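Trainee: The structure that follows is given in the form of structure tokens.
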Amino acid sequence: MRNHLFLGIAVTLAAAVGPATAERPAPVPPPGPRPAPPPTPGLVPLPAPLPPVEPAPGAAPGAAAALPGAAITDDGLGRSGTIFGFDAANLVTFTFDDGPHEPTTTKVLAALAAHDVPATFFVVGKRLAGRSSERRRQLLVEIDRAGHAIGNHSWSHPALPALSEKAREREIDATQQIVEEILGRPPTTLRPPFGATSPKVAALLARRGLTEVIWSIDTKDYLTPDAARLRKAVVARIAARGGGIVLFHDTKKATATALPGILADLEALNCARLGRGEEPILPVSLHYFVRDGAAPRPVPPEVAARTARYRAALVERCTQRGPAPGEDGR
Ligand SMILES: [Zn+2]
């Protein structure tokens, strides 16, 4: 529901950072003040100080850092300049904003696991606070254990350029703090709500060591309840662009419903490409899109190993699948 409330702001801001019909935000956003968003009823105000965090059931306070599982650190993601993903070279990374949220986040995690695809979840801090947040806090742990990256999506989803510097800091720092309390380490990336950024936002993120992550493919999944249509459109965009940073929302039912098909269609597309002697468009971790200036940053070995594992499994699955006449995955 909140997305509907924000839709008007999102459209306004999309117009401010780039053409509403194109997914490329302006690489260098215009400086200067932006119109303040209209007051949004029902938002949980920023806590000052942060409310006490309730430990997950059965967990001792501070024990989250030692949780076993498949979690990888997100070393190598922070302290970069803004990344957009337009320079994708047959690589695609999936990002999910606004969660965690039930039941959609659980469905998204299941689809990613079924295809062994890594992703990044940009979480809204206030969803992890308060008495009703236990399940969402557990979801955060599940996301982490599954080897996905977790990024900061602010505390209450405001347009960061419109805030005072102090309010901006609180929006960012409160989410850093609550994620660290749950997982034992803070995020190293941030996606500004609505993709709305400014030189001041970028400067603050640089001071915090956070990499600003925008996107190159906006699925506009918040606009459609039609999962079949979303599935077709997203795969076509990935194919046309040769990959990129894909923006989804794991709060959306259509996204959770469409994702298994999107990942299946991506596999079919890649089998067709392999069959033609072309490179597949590999679904990878966000690490592959991090840049230091114009230079790609080296990918951590465990991340590269995961990609290699996916590629080997893809070749195997395509062999089993056999030729599919007329199937090009589009
Ligand atoms: Zn958002």
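Order determines the names: the first chain of the structure tokens is A, the second B, and so forth; residues in each chain are numbered 1 upward, and ligands are numbered 1 upward as they are shown.
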Could you pull out all residues of segment 122-303 of chain A with a DSSP call of strand (DSSP E) and give them as number ranges by chain?

Mentor: A: 122-123, 149-152, 189-190, 211-212, 217-218, 243-249, 282-283, 291-292, 295-296

Trainee: Kindly provide, as a PyMOL selection string, all nucleotide and amino acid residues lying within 12 Å of ligand 1, counting only C-alpha atoms and all ligand atoms.

Mentor: chain A and resi 2-7+9-10+95-100+121-125+151-160+190-196+214+218+220-222+247-252

Trainee: Write the residues you've just listed into a file as a short mmCIF file (atom, residue, chain, number, x, y, z; two decimals), in the first residue's frame, and include N, CA and C atoms for each of them.

Mentor:
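Result went into out.cif, see below:
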data_model
loop_
_atom_site.label_atom_id
_atom_site.label_comp_id
_atom_site.auth_asym_id
_atom_site.auth_seq_id
_atom_site.Cartn_x
_atom_site.Cartn_y
_atom_site.Cartn_z
N ARG A 2 2.00 1.14 0.73
CA ARG A 2 2.85 2.32 0.80
C ARG A 2 3.34 2.74 -0.59
N ASN A 3 3.55 1.73 -1.42
CA ASN A 3 4.04 2.06 -2.76
C ASN A 3 3.05 2.91 -3.53
N HIS A 4 1.78 2.64 -3.29
CA HIS A 4 0.77 3.45 -3.96
C HIS A 4 0.85 4.88 -3.47
N LEU A 5 1.05 5.00 -2.16
CA LEU A 5 1.15 6.34 -1.60
C LEU A 5 2.34 7.08 -2.20
N PHE A 6 3.36 6.33 -2.49
CA PHE A 6 4.58 6.96 -2.97
C PHE A 6 4.61 7.13 -4.48
N LEU A 7 3.64 6.53 -5.12
CA LEU A 7 3.70 6.51 -6.57
C LEU A 7 3.81 7.90 -7.16
N ILE A 9 4.96 10.54 -5.80
CA ILE A 9 6.29 11.09 -5.55
C ILE A 9 7.29 10.43 -6.49
N ALA A 10 7.13 9.11 -6.66
CA ALA A 10 8.07 8.38 -7.49
C ALA A 10 8.06 8.91 -8.91
N THR A 95 17.97 -7.00 -7.96
CA THR A 95 17.87 -6.28 -6.69
C THR A 95 16.40 -6.16 -6.31
N PHE A 96 16.15 -6.24 -5.00
CA PHE A 96 14.77 -6.23 -4.49
C PHE A 96 14.68 -5.18 -3.39
N ASP A 97 13.80 -4.21 -3.59
CA ASP A 97 13.67 -3.08 -2.67
C ASP A 97 12.43 -3.19 -1.79
N ASP A 98 12.47 -2.46 -0.70
CA ASP A 98 11.31 -2.12 0.16
C ASP A 98 10.94 -3.17 1.20
N GLY A 99 11.56 -4.37 1.16
CA GLY A 99 11.21 -5.40 2.13
C GLY A 99 12.03 -5.22 3.40
N PRO A 100 12.11 -6.30 4.20
CA PRO A 100 11.46 -7.59 3.95
C PRO A 100 9.97 -7.54 4.25
N PHE A 121 19.14 -7.35 -1.51
CA PHE A 121 17.88 -6.87 -0.93
C PHE A 121 18.15 -5.54 -0.24
N PHE A 122 17.52 -4.49 -0.74
CA PHE A 122 17.65 -3.17 -0.12
C PHE A 122 16.47 -2.99 0.83
N VAL A 123 16.78 -3.05 2.12
CA VAL A 123 15.71 -3.12 3.12
C VAL A 123 15.41 -1.76 3.74
N VAL A 124 14.15 -1.61 4.12
CA VAL A 124 13.68 -0.40 4.80
C VAL A 124 13.78 -0.65 6.30
N GLY A 125 14.58 0.18 6.98
CA GLY A 125 14.92 -0.09 8.38
C GLY A 125 13.73 -0.21 9.31
N GLY A 151 21.36 -4.44 1.45
CA GLY A 151 21.70 -3.03 1.35
C GLY A 151 20.71 -2.17 2.12
N ASN A 152 21.10 -0.95 2.34
CA ASN A 152 20.31 0.05 3.07
C ASN A 152 19.36 0.76 2.10
N HIS A 153 18.09 0.83 2.45
CA HIS A 153 17.12 1.55 1.61
C HIS A 153 16.45 2.65 2.44
N SER A 154 17.21 3.17 3.40
CA SER A 154 16.76 4.22 4.33
C SER A 154 15.88 3.65 5.43
N TRP A 155 15.53 4.49 6.37
CA TRP A 155 14.69 4.05 7.49
C TRP A 155 13.21 4.09 7.13
N SER A 156 12.75 5.15 6.49
CA SER A 156 11.31 5.30 6.27
C SER A 156 10.96 5.67 4.83
N HIS A 157 11.94 5.47 3.90
CA HIS A 157 11.67 5.63 2.48
C HIS A 157 11.32 7.06 2.05
N PRO A 158 12.04 8.04 2.53
CA PRO A 158 11.80 9.40 2.03
C PRO A 158 12.67 9.66 0.81
N ALA A 159 12.41 10.77 0.14
CA ALA A 159 13.33 11.24 -0.90
C ALA A 159 14.50 11.94 -0.19
N LEU A 160 15.66 11.31 -0.21
CA LEU A 160 16.79 11.81 0.59
C LEU A 160 17.23 13.23 0.23
N LEU A 190 23.84 1.25 -0.51
CA LEU A 190 22.57 1.94 -0.27
C LEU A 190 21.90 2.25 -1.60
N ARG A 191 20.63 1.98 -1.64
CA ARG A 191 19.84 2.45 -2.79
C ARG A 191 18.95 3.57 -2.29
N PRO A 192 19.10 4.77 -2.84
CA PRO A 192 18.24 5.86 -2.40
C PRO A 192 16.80 5.60 -2.85
N PRO A 193 15.82 5.80 -1.96
CA PRO A 193 14.43 5.63 -2.36
C PRO A 193 14.11 6.43 -3.62
N PHE A 194 13.40 5.84 -4.53
CA PHE A 194 13.01 6.42 -5.83
C PHE A 194 14.22 6.66 -6.73
N GLY A 195 15.40 6.21 -6.34
CA GLY A 195 16.60 6.54 -7.11
C GLY A 195 16.95 8.02 -7.03
N ALA A 196 16.34 8.71 -6.06
CA ALA A 196 16.52 10.16 -5.95
C ALA A 196 17.79 10.47 -5.17
N ILE A 214 22.14 2.45 -8.13
CA ILE A 214 20.90 2.79 -8.85
C ILE A 214 20.49 1.55 -9.65
N ASP A 218 14.53 -0.88 -14.94
CA ASP A 218 13.43 -0.69 -13.99
C ASP A 218 12.26 -1.54 -14.46
N LYS A 220 9.42 -1.74 -13.23
CA LYS A 220 8.14 -1.08 -12.94
C LYS A 220 7.12 -2.09 -12.41
N ASP A 221 7.63 -3.00 -11.58
CA ASP A 221 6.75 -4.05 -11.05
C ASP A 221 5.69 -3.49 -10.10
N TYR A 222 5.89 -2.25 -9.66
CA TYR A 222 4.90 -1.64 -8.78
C TYR A 222 3.68 -1.14 -9.56
N LEU A 247 15.86 -3.68 -11.18
CA LEU A 247 15.12 -3.20 -10.00
C LEU A 247 13.77 -3.90 -9.88
N PHE A 248 13.63 -4.64 -8.77
CA PHE A 248 12.34 -5.24 -8.40
C PHE A 248 11.96 -4.75 -7.01
N HIS A 249 10.76 -5.13 -6.57
CA HIS A 249 10.32 -4.90 -5.19
C HIS A 249 9.82 -6.23 -4.63
N ASP A 250 10.46 -6.70 -3.57
CA ASP A 250 10.04 -8.00 -3.02
C ASP A 250 8.80 -7.85 -2.14
N THR A 251 8.20 -6.68 -2.16
CA THR A 251 6.92 -6.45 -1.48
C THR A 251 5.74 -6.69 -2.43
N LYS A 252 6.04 -6.94 -3.69
CA LYS A 252 4.98 -7.01 -4.71
C LYS A 252 4.62 -8.44 -5.05
#

Trainee: At a cut-off of 7 Å, using only C-alpha atoms, what residues contact Arg231 of chain A? Leave out same-chain residues fewer than 2 positions from it and give the result as an mmCIF file with C-alpha atoms, in the first residue's frame.

Mentor:
data_model
loop_
_atom_site.group_PDB
_atom_site.id
_atom_site.type_symbol
_atom_site.label_atom_id
_atom_site.label_comp_id
_atom_site.auth_asym_id
_atom_site.auth_seq_id
_atom_site.Cartn_x
_atom_site.Cartn_y
_atom_site.Cartn_z
ATOM 1 C CA ALA A 227 2.729 -11.481 -13.381
ATOM 2 C CA ALA A 228 2.706 -13.077 -16.852
ATOM 3 C CA ARG A 229 3.174 -9.719 -18.494
ATOM 4 C CA ALA A 233 8.719 -7.829 -20.279
ATOM 5 C CA VAL A 234 11.589 -8.312 -17.837
ATOM 6 C CA VAL A 235 13.242 -11.139 -19.744
ATOM 7 C CA ALA A 258 6.693 -13.890 -11.833
ATOM 8 C CA GLY A 261 9.252 -17.884 -14.611
ATOM 9 C CA ILE A 262 11.702 -15.048 -15.161
#

Trainee: Quick one: distance from atom CA of Leu128 of chain A to atom CA of Glu102 of chain A in Å, one decimal?

Mentor: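 Computing the Euclidean distance for atom CA of Leu128 of chain A and atom CA of Glu102 of chain A yields 12.5 Å.
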
Trainee: Tell me, in Å to one decimal, how far atom CA of Leu263 of chain A is from atom CA of Ala89 of chain A.

Mentor: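 That distance, rounded to one decimal, is 18.4 Å.
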
Trainee: Quick one: pull the distance between atom CA of Leu163 of chain A and atom CA of Ser80 of chain A, Å, one decimal.

Mentor: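 Spanning atom CA of Leu163 of chain A to atom CA of Ser80 of chain A is a straight-line distance of 23.1 Å.
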
Trainee: I need the residue nearest Leu210 of chain A from this list: A:Thr106, A:Asn90, A:Thr82, A:Thr197. Use only C-alpha atoms for the distance.

Mentor: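 Smallest distance to Leu210 of chain A is found for A:Thr82.
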